[in-house]
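File shown: entry.cif (mmCIF, C-alpha atoms and all ligand atoms).
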```
data_query
loop_
_atom_site.label_atom_id
_atom_site.label_comp_id
_atom_site.auth_asym_id
_atom_site.auth_seq_id
_atom_site.Cartn_x
_atom_site.Cartn_y
_atom_site.Cartn_z
CA MET A 1 84.06 134.18 143.63
CA LYS A 2 87.42 133.10 144.98
CA ILE A 3 89.01 132.12 141.65
CA VAL A 4 88.04 135.40 140.02
CA ASP A 5 89.26 137.46 142.98
CA ASN A 6 92.55 135.58 143.10
CA PHE A 7 93.11 136.15 139.41
CA LEU A 8 92.18 139.83 139.48
CA ASN A 9 94.41 140.48 142.49
CA ILE A 10 97.39 138.95 140.68
CA ARG A 11 96.50 140.71 137.41
CA GLN A 12 96.40 144.08 139.16
CA SER A 13 99.64 143.50 141.03
CA ILE A 14 101.84 142.80 138.00
CA PRO A 15 102.69 144.86 134.90
CA SER A 16 99.98 144.72 132.24
CA ASP A 17 102.39 143.49 129.54
CA VAL A 18 103.28 140.35 131.53
CA LYS A 19 101.00 137.54 130.34
CA ILE A 20 99.40 135.13 132.77
CA VAL A 21 99.04 131.45 131.95
CA ALA A 22 96.32 130.19 134.31
CA VAL A 23 97.55 126.68 135.10
CA SER A 24 94.38 124.58 135.31
CA LYS A 25 95.94 121.10 135.48
CA LEU A 26 93.99 118.74 137.76
CA LYS A 27 91.24 121.35 138.09
CA PRO A 28 87.71 120.85 136.74
CA LEU A 29 86.22 122.52 133.66
CA GLU A 30 83.92 124.62 135.88
CA ASP A 31 86.98 126.39 137.27
CA ILE A 32 88.25 127.16 133.76
CA LEU A 33 84.82 128.39 132.67
CA CYS A 34 84.48 130.50 135.81
CA LEU A 35 87.63 132.42 134.89
CA TYR A 36 86.81 132.45 131.18
CA ASN A 37 83.29 133.82 131.65
CA ASN A 38 83.93 136.30 134.44
CA THR A 39 87.26 137.85 133.49
CA GLY A 40 87.68 137.32 129.76
CA HIS A 41 90.85 135.39 130.43
CA ARG A 42 91.76 133.03 127.57
CA ILE A 43 95.16 131.42 128.28
CA PHE A 44 95.13 128.17 130.25
CA GLY A 45 98.07 125.89 131.00
CA GLU A 46 97.84 122.11 131.05
CA SER A 47 100.57 119.56 131.64
CA ARG A 48 99.05 116.17 130.79
CA ALA A 49 98.15 115.18 127.25
CA GLN A 50 95.16 113.02 128.09
CA GLU A 51 93.67 115.58 130.47
CA LEU A 52 94.04 118.27 127.83
CA VAL A 53 92.29 116.16 125.17
CA VAL A 54 89.32 115.45 127.43
CA LYS A 55 89.02 119.06 128.57
CA ASN A 56 89.25 120.40 125.04
CA GLU A 57 86.54 118.02 123.80
CA ASN A 58 84.19 118.90 126.62
CA ILE A 59 84.70 122.64 126.83
CA ASN A 60 83.80 123.29 123.20
CA ILE A 61 84.81 126.95 122.94
CA GLU A 62 86.66 128.32 119.95
CA ASP A 63 88.89 130.99 121.38
CA ILE A 64 90.40 129.26 124.40
CA GLN A 65 94.20 129.18 124.19
CA TRP A 66 95.77 126.02 125.57
CA HIS A 67 99.42 126.29 126.55
CA PHE A 68 101.19 122.98 127.10
CA ILE A 69 103.63 123.27 130.00
CA GLY A 70 104.28 119.69 131.06
CA ASN A 71 106.63 116.88 130.22
CA PHE A 72 105.77 116.32 126.53
CA GLN A 73 106.06 112.68 125.46
CA THR A 74 106.91 112.26 121.79
CA ASN A 75 104.11 109.75 121.26
CA LYS A 76 101.50 112.33 122.33
CA VAL A 77 102.55 115.08 119.93
CA LYS A 78 100.39 113.97 117.01
CA GLN A 79 97.27 113.92 119.14
CA ILE A 80 97.54 117.23 120.96
CA LEU A 81 99.85 119.55 119.00
CA PRO A 82 97.03 120.79 116.72
CA ILE A 83 95.02 122.08 119.70
CA ILE A 84 97.95 123.76 121.49
CA THR A 85 98.54 127.50 121.00
CA LEU A 86 101.99 127.48 122.59
CA THR A 87 104.20 124.64 123.83
CA HIS A 88 106.40 125.86 126.70
CA SER A 89 108.16 122.57 127.31
CA VAL A 90 110.29 121.70 124.30
CA SER A 91 113.17 120.15 126.20
CA ASN A 92 115.02 117.84 123.79
CA VAL A 93 115.92 117.44 120.12
CA ARG A 94 113.85 114.31 119.56
CA LEU A 95 110.73 116.18 120.67
CA LEU A 96 111.61 119.14 118.47
CA ASN A 97 111.99 116.81 115.46
CA THR A 98 108.61 115.24 116.13
CA ILE A 99 106.89 118.58 116.61
CA ASN A 100 108.30 119.82 113.30
CA LYS A 101 107.15 116.69 111.50
CA VAL A 102 103.62 116.70 112.94
CA ALA A 103 103.22 120.43 112.23
CA SER A 104 104.50 119.88 108.69
CA ASN A 105 102.04 117.04 108.08
CA ASN A 106 99.22 119.29 109.25
CA ASN A 107 100.41 122.39 107.39
CA PHE A 108 100.96 124.73 110.30
CA LYS A 109 103.77 126.30 112.28
CA ALA A 110 103.99 125.13 115.88
CA LYS A 111 104.72 127.93 118.34
CA CYS A 112 107.23 126.74 120.91
CA LEU A 113 109.48 127.82 123.73
CA LEU A 114 112.77 126.10 124.44
CA GLN A 115 112.81 124.80 128.00
CA PHE A 116 116.15 125.19 129.75
CA HIS A 117 117.37 123.28 132.75
CA ILE A 118 118.19 125.97 135.32
CA ALA A 119 117.25 124.29 138.62
CA GLU A 120 119.25 122.18 141.05
CA GLU A 121 116.84 119.25 140.73
CA GLU A 122 117.94 116.77 138.07
CA THR A 123 114.32 115.61 137.72
CA LYS A 124 113.42 118.88 136.02
CA GLN A 125 113.62 118.74 132.24
CA GLY A 126 115.38 121.06 129.84
CA PHE A 127 118.19 121.84 127.43
CA ASP A 128 121.65 123.04 128.37
CA ILE A 129 122.73 126.20 126.59
CA ASP A 130 125.55 124.37 124.75
CA GLU A 131 123.10 121.93 123.20
CA VAL A 132 120.93 124.76 121.94
CA LEU A 133 123.85 126.76 120.57
CA LYS A 134 124.92 123.67 118.61
CA LEU A 135 121.39 123.24 117.33
CA PHE A 136 121.25 126.80 116.00
CA ASP A 137 124.72 126.66 114.48
CA LYS A 138 123.55 123.76 112.32
CA ASP A 139 121.12 125.67 110.16
CA PHE A 140 118.22 125.56 112.58
CA PHE A 141 115.73 127.58 110.56
CA ALA A 142 116.11 125.47 107.41
CA LYS A 143 115.88 122.27 109.40
CA TYR A 144 112.78 123.25 111.37
CA PRO A 145 110.56 125.21 108.96
CA ASN A 146 107.38 124.24 110.81
CA VAL A 147 108.52 125.34 114.24
CA GLU A 148 108.32 128.94 115.42
CA ILE A 149 110.55 129.50 118.43
CA GLU A 150 108.97 132.29 120.43
CA GLY A 151 111.36 132.30 123.38
CA VAL A 152 112.53 130.37 126.41
CA MET A 153 111.04 128.71 129.49
CA GLY A 154 112.49 127.53 132.78
CA MET A 155 111.59 126.37 136.26
CA ALA A 156 113.61 127.46 139.27
CA THR A 157 114.62 125.20 142.13
CA PHE A 158 111.89 124.58 144.70
CA THR A 159 113.36 126.50 147.64
CA ASP A 160 112.69 129.44 149.98
CA ASP A 161 116.05 130.94 149.05
CA GLU A 162 114.98 133.93 146.98
CA ILE A 163 118.52 134.86 146.04
CA ALA A 164 119.10 131.38 144.60
CA ILE A 165 115.83 131.62 142.65
CA ALA A 166 116.73 135.06 141.30
CA LYS A 167 120.10 133.72 140.19
CA GLU A 168 118.45 130.93 138.17
CA PHE A 169 116.02 133.33 136.53
CA LYS A 170 118.94 135.65 135.69
CA LEU A 171 120.63 132.70 134.01
CA LEU A 172 117.54 131.97 131.91
CA ARG A 173 117.32 135.65 131.00
CA SER A 174 120.96 135.56 129.88
CA TYR A 175 120.23 132.53 127.63
CA PHE A 176 117.34 134.45 126.11
CA ASP A 177 119.59 137.45 125.42
CA ILE A 178 122.32 135.29 123.85
CA LEU A 179 119.89 133.53 121.50
CA LYS A 180 118.06 136.73 120.65
CA ASN A 181 121.28 138.55 119.74
CA GLU A 182 122.96 135.69 117.92
CA PHE A 183 120.11 134.12 115.99
CA PHE A 184 116.97 136.24 116.10
CA SER A 185 118.22 139.79 115.63
CA ASP A 186 116.51 140.05 112.22
CA ARG A 187 113.38 138.14 113.25
CA ASP A 188 110.64 139.42 115.50
CA SER A 189 109.27 136.10 116.71
CA PHE A 190 111.58 135.62 119.67
CA SER A 191 110.15 137.65 122.53
CA GLU A 192 108.94 135.49 125.42
CA ILE A 193 110.58 134.50 128.69
CA SER A 194 108.25 132.07 130.48
CA MET A 195 109.30 131.98 134.11
CA GLY A 196 107.59 132.27 137.47
CA MET A 197 104.97 130.16 139.24
CA SER A 198 102.77 130.80 142.31
CA ASN A 199 105.65 130.85 144.76
CA ASP A 200 108.22 132.78 142.71
CA TYR A 201 106.45 134.88 140.04
CA LYS A 202 107.32 138.20 141.70
CA ILE A 203 111.02 137.34 141.57
CA ALA A 204 110.62 136.17 137.97
CA ILE A 205 109.00 139.42 136.90
CA ALA A 206 111.77 141.42 138.56
CA GLU A 207 114.21 139.36 136.46
CA GLY A 208 112.42 140.02 133.16
CA SER A 209 109.67 137.41 132.83
CA THR A 210 107.13 138.13 130.09
CA MET A 211 104.88 135.18 130.94
CA VAL A 212 104.08 133.72 134.35
CA ARG A 213 102.49 130.28 134.83
CA ILE A 214 100.25 130.44 137.88
CA GLY A 215 98.14 127.57 139.17
CA SER A 216 97.52 127.22 142.90
CA SER A 217 97.43 130.96 143.65
CA ILE A 218 94.48 131.25 141.25
CA PHE A 219 92.63 127.92 141.53
CA GLY A 220 93.72 126.80 145.00
CA GLU A 221 95.93 123.90 146.03
CA ARG A 222 95.83 120.76 143.88
CA ASN A 223 95.17 117.33 145.39
C1 LIG B 301 102.07 123.12 137.80
C2 LIG B 301 102.98 124.00 137.06
C3 LIG B 301 102.93 125.40 137.24
C4 LIG B 301 102.02 126.09 138.22
O1 LIG B 301 102.39 125.79 139.54
P1 LIG B 301 101.77 126.57 140.80
O2 LIG B 301 102.80 126.45 141.84
O3 LIG B 301 100.51 125.88 141.14
O4 LIG B 301 101.54 127.98 140.40
C5 LIG B 301 103.77 126.18 136.46
N1 LIG B 301 104.62 125.62 135.57
C6 LIG B 301 104.70 124.30 135.38
C7 LIG B 301 105.66 123.76 134.38
C8 LIG B 301 103.89 123.45 136.12
O5 LIG B 301 103.99 122.12 135.93
#
```
Mind turning this structure into structure tokens?
Amino acid sequence: MKIVDNFLNIRQSIPSDVKIVAVSKLKPLEDILCLYNNTGHRIFGESRAQELVVKNENINIEDIQWHFIGNFQTNKVKQILPIITLTHSVSNVRLLNTINKVASNNNFKAKCLLQFHIAEEETKQGFDIDEVLKLFDKDFFAKYPNVEIEGVMGMATFTDDEIAIAKEFKLLRSYFDILKNEFFSDRDSFSEISMGMSNDYKIAIAEGSTMVRIGSSIFGERN
């Protein structure tokens, strides 16, 4: 089975403490179940709210862990936040406010990563470090009691220039270190650096990634 072989080859080639998010967006449930049943893998990444809702309703398994990695529209939070294990793509304050409110209304803590803008492309989402530093200086933990920030996420520029990619991942790593030292030194929640996709995960791991988000190298090209 191609999907299983692809996954196992990647799993064996990277350190065992680096988590893999199998990005199943635009792929059918059979592909998710194939990996789930044959490898014991549980973490799947989706980037569209509606697709996630439909998949979650139809798959009907308790212990699957959905990670939301896409552009998160505020008006979708209420519907999908309760089924998400980790949101990678918290990229603005309005979204953070909404996530806190929805989690509060449902009595849980929403696990999130702060997405930073590290790429050249302006179309990619994400905070600037100054915005986030301001946010934390203003009593972040009291203001967002229903959000658990577990770390940072970023996407590098789409390019063949490996040095440029490494530089962007280094930058994200430096943001992680700053936040960890300044605001999380007495908390143990902040531990994840989500960076690396099919074309750049090896570079990301060399730069300190703890979580890679891999789609096409596992499931094949998307249409
Ligand atoms: C689609 C996507 C991925 C996976 O991309 P591949 O190149 O197929 O591995 C990872 N992260 C995000 C945010 C994505 O949207």
For ligand LIG 301 (chain B), collect every residue having any atom at a distance of at most 12 Å from a ligand atom (counting only C-alpha atoms and all ligand atoms); output as a compact mmCIF listing (two decimals) with C-alpha atoms, in the coordinates of the input.
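File pocket-v1.txt, as written:
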```
# COMPACT_ATOMS: atom_id res chain seq x y z
CA PHE A 7 93.11 136.15 139.41
CA ILE A 10 97.39 138.95 140.68
CA ILE A 20 99.40 135.13 132.77
CA VAL A 21 99.04 131.45 131.95
CA ALA A 22 96.32 130.19 134.31
CA VAL A 23 97.55 126.68 135.10
CA SER A 24 94.38 124.58 135.31
CA LYS A 25 95.94 121.10 135.48
CA LEU A 26 93.99 118.74 137.76
CA LYS A 27 91.24 121.35 138.09
CA PHE A 44 95.13 128.17 130.25
CA GLY A 45 98.07 125.89 131.00
CA GLU A 46 97.84 122.11 131.05
CA SER A 47 100.57 119.56 131.64
CA ARG A 48 99.05 116.17 130.79
CA HIS A 67 99.42 126.29 126.55
CA PHE A 68 101.19 122.98 127.10
CA ILE A 69 103.63 123.27 130.00
CA GLY A 70 104.28 119.69 131.06
CA ASN A 71 106.63 116.88 130.22
CA PHE A 72 105.77 116.32 126.53
CA THR A 87 104.20 124.64 123.83
CA HIS A 88 106.40 125.86 126.70
CA SER A 89 108.16 122.57 127.31
CA VAL A 90 110.29 121.70 124.30
CA SER A 91 113.17 120.15 126.20
CA GLN A 115 112.81 124.80 128.00
CA PHE A 116 116.15 125.19 129.75
CA HIS A 117 117.37 123.28 132.75
CA LYS A 124 113.42 118.88 136.02
CA GLN A 125 113.62 118.74 132.24
CA GLY A 126 115.38 121.06 129.84
CA MET A 153 111.04 128.71 129.49
CA GLY A 154 112.49 127.53 132.78
CA MET A 155 111.59 126.37 136.26
CA ALA A 156 113.61 127.46 139.27
CA THR A 157 114.62 125.20 142.13
CA PHE A 158 111.89 124.58 144.70
CA SER A 194 108.25 132.07 130.48
CA MET A 195 109.30 131.98 134.11
CA GLY A 196 107.59 132.27 137.47
CA MET A 197 104.97 130.16 139.24
CA SER A 198 102.77 130.80 142.31
CA ASN A 199 105.65 130.85 144.76
CA ASP A 200 108.22 132.78 142.71
CA TYR A 201 106.45 134.88 140.04
CA LYS A 202 107.32 138.20 141.70
CA MET A 211 104.88 135.18 130.94
CA VAL A 212 104.08 133.72 134.35
CA ARG A 213 102.49 130.28 134.83
CA ILE A 214 100.25 130.44 137.88
CA GLY A 215 98.14 127.57 139.17
CA SER A 216 97.52 127.22 142.90
CA SER A 217 97.43 130.96 143.65
CA ILE A 218 94.48 131.25 141.25
CA PHE A 219 92.63 127.92 141.53
CA GLY A 220 93.72 126.80 145.00
CA GLU A 221 95.93 123.90 146.03
CA ARG A 222 95.83 120.76 143.88
CA ASN A 223 95.17 117.33 145.39
```
Could you check how far CA of Asp177 in chain A sits from CA of Phe136 in chain A, in Å to one decimal? 14.3 Å
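We find CA of Ile80 in chain A and CA of Gln50 in chain A to be spaced 8.6 Å apart.
Among the candidates A:Leu179, A:Glu168, A:Leu33, A:Met1, the residue lying nearest to Asn60 in chain A is A:Leu33 (atoms considered: all atoms listed in the file).
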Can you work out which one of A:Arg94, A:Lys55, A:Arg42, A:Lys78 has the shortest atom-to-atom distance to Glu30 in chain A, counting only C-alpha atoms? A:Lys55
Test item: residues at most 8 Å from Val77 in chain A, only C-alpha atoms, excluding those fewer than 5 positions along its chain, as a VMD selection string: chain A and resid 72 98 to 99 102
Could you please take those selected residues and save C-alpha atoms as a PDB file, keeping the file's coordinate frame?
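File written: out_8.pdb
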```
ATOM      1  CA  PHE A  72     105.770 116.320 126.530  1.00  0.00           C
ATOM      2  CA  THR A  98     108.610 115.240 116.130  1.00  0.00           C
ATOM      3  CA  ILE A  99     106.890 118.580 116.610  1.00  0.00           C
ATOM      4  CA  VAL A 102     103.620 116.700 112.940  1.00  0.00           C
TER       5      VAL A 102
END
```
Selection: 9 Å around Ser191 in chain A, only C-alpha atoms, excl. self and same-chain fewer than 2 positions, as a PyMOL selection string: chain A and resi 150-152+176+180+188-189+193+210
Would you save the residues of that selection, restricted to C-alpha atoms, as a compact mmCIF listing (two decimals), in the frame of the given file?
```txt
# COMPACT_ATOMS: atom_id res chain seq x y z
CA GLU A 150 108.97 132.29 120.43
CA GLY A 151 111.36 132.30 123.38
CA VAL A 152 112.53 130.37 126.41
CA PHE A 176 117.34 134.45 126.11
CA LYS A 180 118.06 136.73 120.65
CA ASP A 188 110.64 139.42 115.50
CA SER A 189 109.27 136.10 116.71
CA ILE A 193 110.58 134.50 128.69
CA THR A 210 107.13 138.13 130.09
```
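Here the question is which of A:Ile3, A:Ile205, A:Leu135, A:Ile83 gets nearest to Asn37 in chain A using all atoms listed in the file, and that residue is A:Ile3.
One distance worth recording is that between CA of Arg173 in chain A and CA of Ile84 in chain A, which is 24.6 Å.
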Taking all listed atoms of range 40-55 of chain A, build the axis-aligned box, pad each of the six sides by 8 Å, then write its centre and edge lengths in Å to one decimal as lines of an AutoDock Vina configuration file.
```
center_x = 94.1
center_y = 125.2
center_z = 128.4
size_x = 28.9
size_y = 40.3
size_z = 22.5
```
Measuring atom to atom with all atoms listed in the file, identify which of A:Leu29, A:Val54, A:Leu96, A:Val4 is nearest to Lys143 in chain A. A:Leu96
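All protein and nucleic acid residues in the vicinity of (105.9, 120.9, 117.0), that is within 6 Å when counting all atoms listed in the file, are Ile99, Asn100, Ala103, Ala110 and Val147 of chain A.
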Under the rule that all atoms listed in the file are counted, which of A:Ile149, A:Leu35, A:Ile14, A:Leu114 is the nearest residue to Asp128 in chain A? A:Leu114
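Proximity ranking of A:Val53, A:Ala166, A:Asp186, A:Glu131 relative to Ile203 in chain A places A:Ala166 first, based on all atoms listed in the file.
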Please produce range 116-127 of chain A, completed to all heavy atoms, as a short mmCIF file (atom, residue, chain, number, x, y, z; two decimals), in the frame of the given file.
```cif
data_model
loop_
_atom_site.label_atom_id
_atom_site.label_comp_id
_atom_site.auth_asym_id
_atom_site.auth_seq_id
_atom_site.Cartn_x
_atom_site.Cartn_y
_atom_site.Cartn_z
N PHE A 116 114.78 125.36 129.27
CA PHE A 116 116.15 125.19 129.75
C PHE A 116 116.16 124.61 131.16
O PHE A 116 115.29 124.91 131.98
CB PHE A 116 116.90 126.52 129.75
CG PHE A 116 117.36 126.93 128.39
CD1 PHE A 116 116.58 127.74 127.59
CD2 PHE A 116 118.57 126.47 127.90
CE1 PHE A 116 117.00 128.10 126.31
CE2 PHE A 116 119.01 126.83 126.62
CZ PHE A 116 118.23 127.64 125.84
N HIS A 117 117.19 123.81 131.41
CA HIS A 117 117.37 123.28 132.75
C HIS A 117 118.17 124.30 133.56
O HIS A 117 119.35 124.51 133.32
CB HIS A 117 118.12 121.94 132.68
CG HIS A 117 118.23 121.29 134.01
ND1 HIS A 117 119.35 121.41 134.79
CD2 HIS A 117 117.35 120.55 134.71
CE1 HIS A 117 119.15 120.74 135.92
NE2 HIS A 117 117.95 120.22 135.89
N ILE A 118 117.49 124.95 134.51
CA ILE A 118 118.19 125.97 135.32
C ILE A 118 118.19 125.63 136.81
O ILE A 118 118.85 126.29 137.60
CB ILE A 118 117.56 127.38 135.12
CG1 ILE A 118 116.05 127.36 135.39
CG2 ILE A 118 117.85 127.91 133.71
CD1 ILE A 118 115.40 128.74 135.45
N ALA A 119 117.42 124.61 137.20
CA ALA A 119 117.25 124.29 138.62
C ALA A 119 118.30 123.31 139.11
O ALA A 119 119.01 122.68 138.33
CB ALA A 119 115.85 123.71 138.85
N GLU A 120 118.37 123.18 140.43
CA GLU A 120 119.25 122.18 141.05
C GLU A 120 118.74 120.76 140.77
O GLU A 120 119.53 119.86 140.55
CB GLU A 120 119.26 122.37 142.58
CG GLU A 120 119.77 123.70 143.07
CD GLU A 120 121.28 123.72 143.15
OE1 GLU A 120 121.89 122.63 143.16
OE2 GLU A 120 121.85 124.83 143.20
N GLU A 121 117.41 120.60 140.82
CA GLU A 121 116.84 119.25 140.73
C GLU A 121 117.10 118.66 139.35
O GLU A 121 116.74 119.24 138.33
CB GLU A 121 115.32 119.27 140.96
CG GLU A 121 114.89 119.74 142.34
CD GLU A 121 114.35 121.16 142.28
OE1 GLU A 121 114.70 121.88 141.33
OE2 GLU A 121 113.60 121.55 143.20
N GLU A 122 117.68 117.45 139.34
CA GLU A 122 117.94 116.77 138.07
C GLU A 122 116.65 116.26 137.44
O GLU A 122 116.59 115.98 136.24
CB GLU A 122 118.92 115.61 138.27
CG GLU A 122 120.37 116.06 138.44
CD GLU A 122 120.88 116.95 137.30
OE1 GLU A 122 120.51 116.71 136.15
OE2 GLU A 122 121.65 117.89 137.59
N THR A 123 115.59 116.12 138.25
CA THR A 123 114.32 115.61 137.72
C THR A 123 113.65 116.62 136.80
O THR A 123 112.80 116.26 136.01
CB THR A 123 113.34 115.31 138.88
OG1 THR A 123 113.31 116.44 139.75
CG2 THR A 123 113.76 114.08 139.65
N LYS A 124 114.02 117.88 136.91
CA LYS A 124 113.42 118.88 136.02
C LYS A 124 114.04 118.77 134.63
O LYS A 124 115.24 118.52 134.49
CB LYS A 124 113.57 120.28 136.61
CG LYS A 124 112.62 120.47 137.79
CD LYS A 124 112.56 121.87 138.35
CE LYS A 124 111.41 121.97 139.34
NZ LYS A 124 111.74 122.70 140.57
N GLN A 125 113.19 118.93 133.61
CA GLN A 125 113.62 118.74 132.24
C GLN A 125 114.31 120.00 131.70
O GLN A 125 114.23 121.05 132.30
CB GLN A 125 112.40 118.48 131.34
CG GLN A 125 111.43 117.45 131.86
CD GLN A 125 111.87 116.05 131.51
OE1 GLN A 125 112.29 115.80 130.40
NE2 GLN A 125 111.78 115.15 132.47
N GLY A 126 114.91 119.87 130.52
CA GLY A 126 115.38 121.06 129.84
C GLY A 126 116.72 120.92 129.16
O GLY A 126 117.54 120.07 129.51
N PHE A 127 116.92 121.77 128.17
CA PHE A 127 118.19 121.84 127.43
C PHE A 127 119.27 122.49 128.29
O PHE A 127 118.98 123.27 129.19
CB PHE A 127 118.03 122.74 126.20
CG PHE A 127 117.30 122.14 125.05
CD1 PHE A 127 116.00 122.52 124.75
CD2 PHE A 127 117.92 121.21 124.22
CE1 PHE A 127 115.34 122.01 123.63
CE2 PHE A 127 117.27 120.68 123.11
CZ PHE A 127 115.97 121.08 122.83
#
```
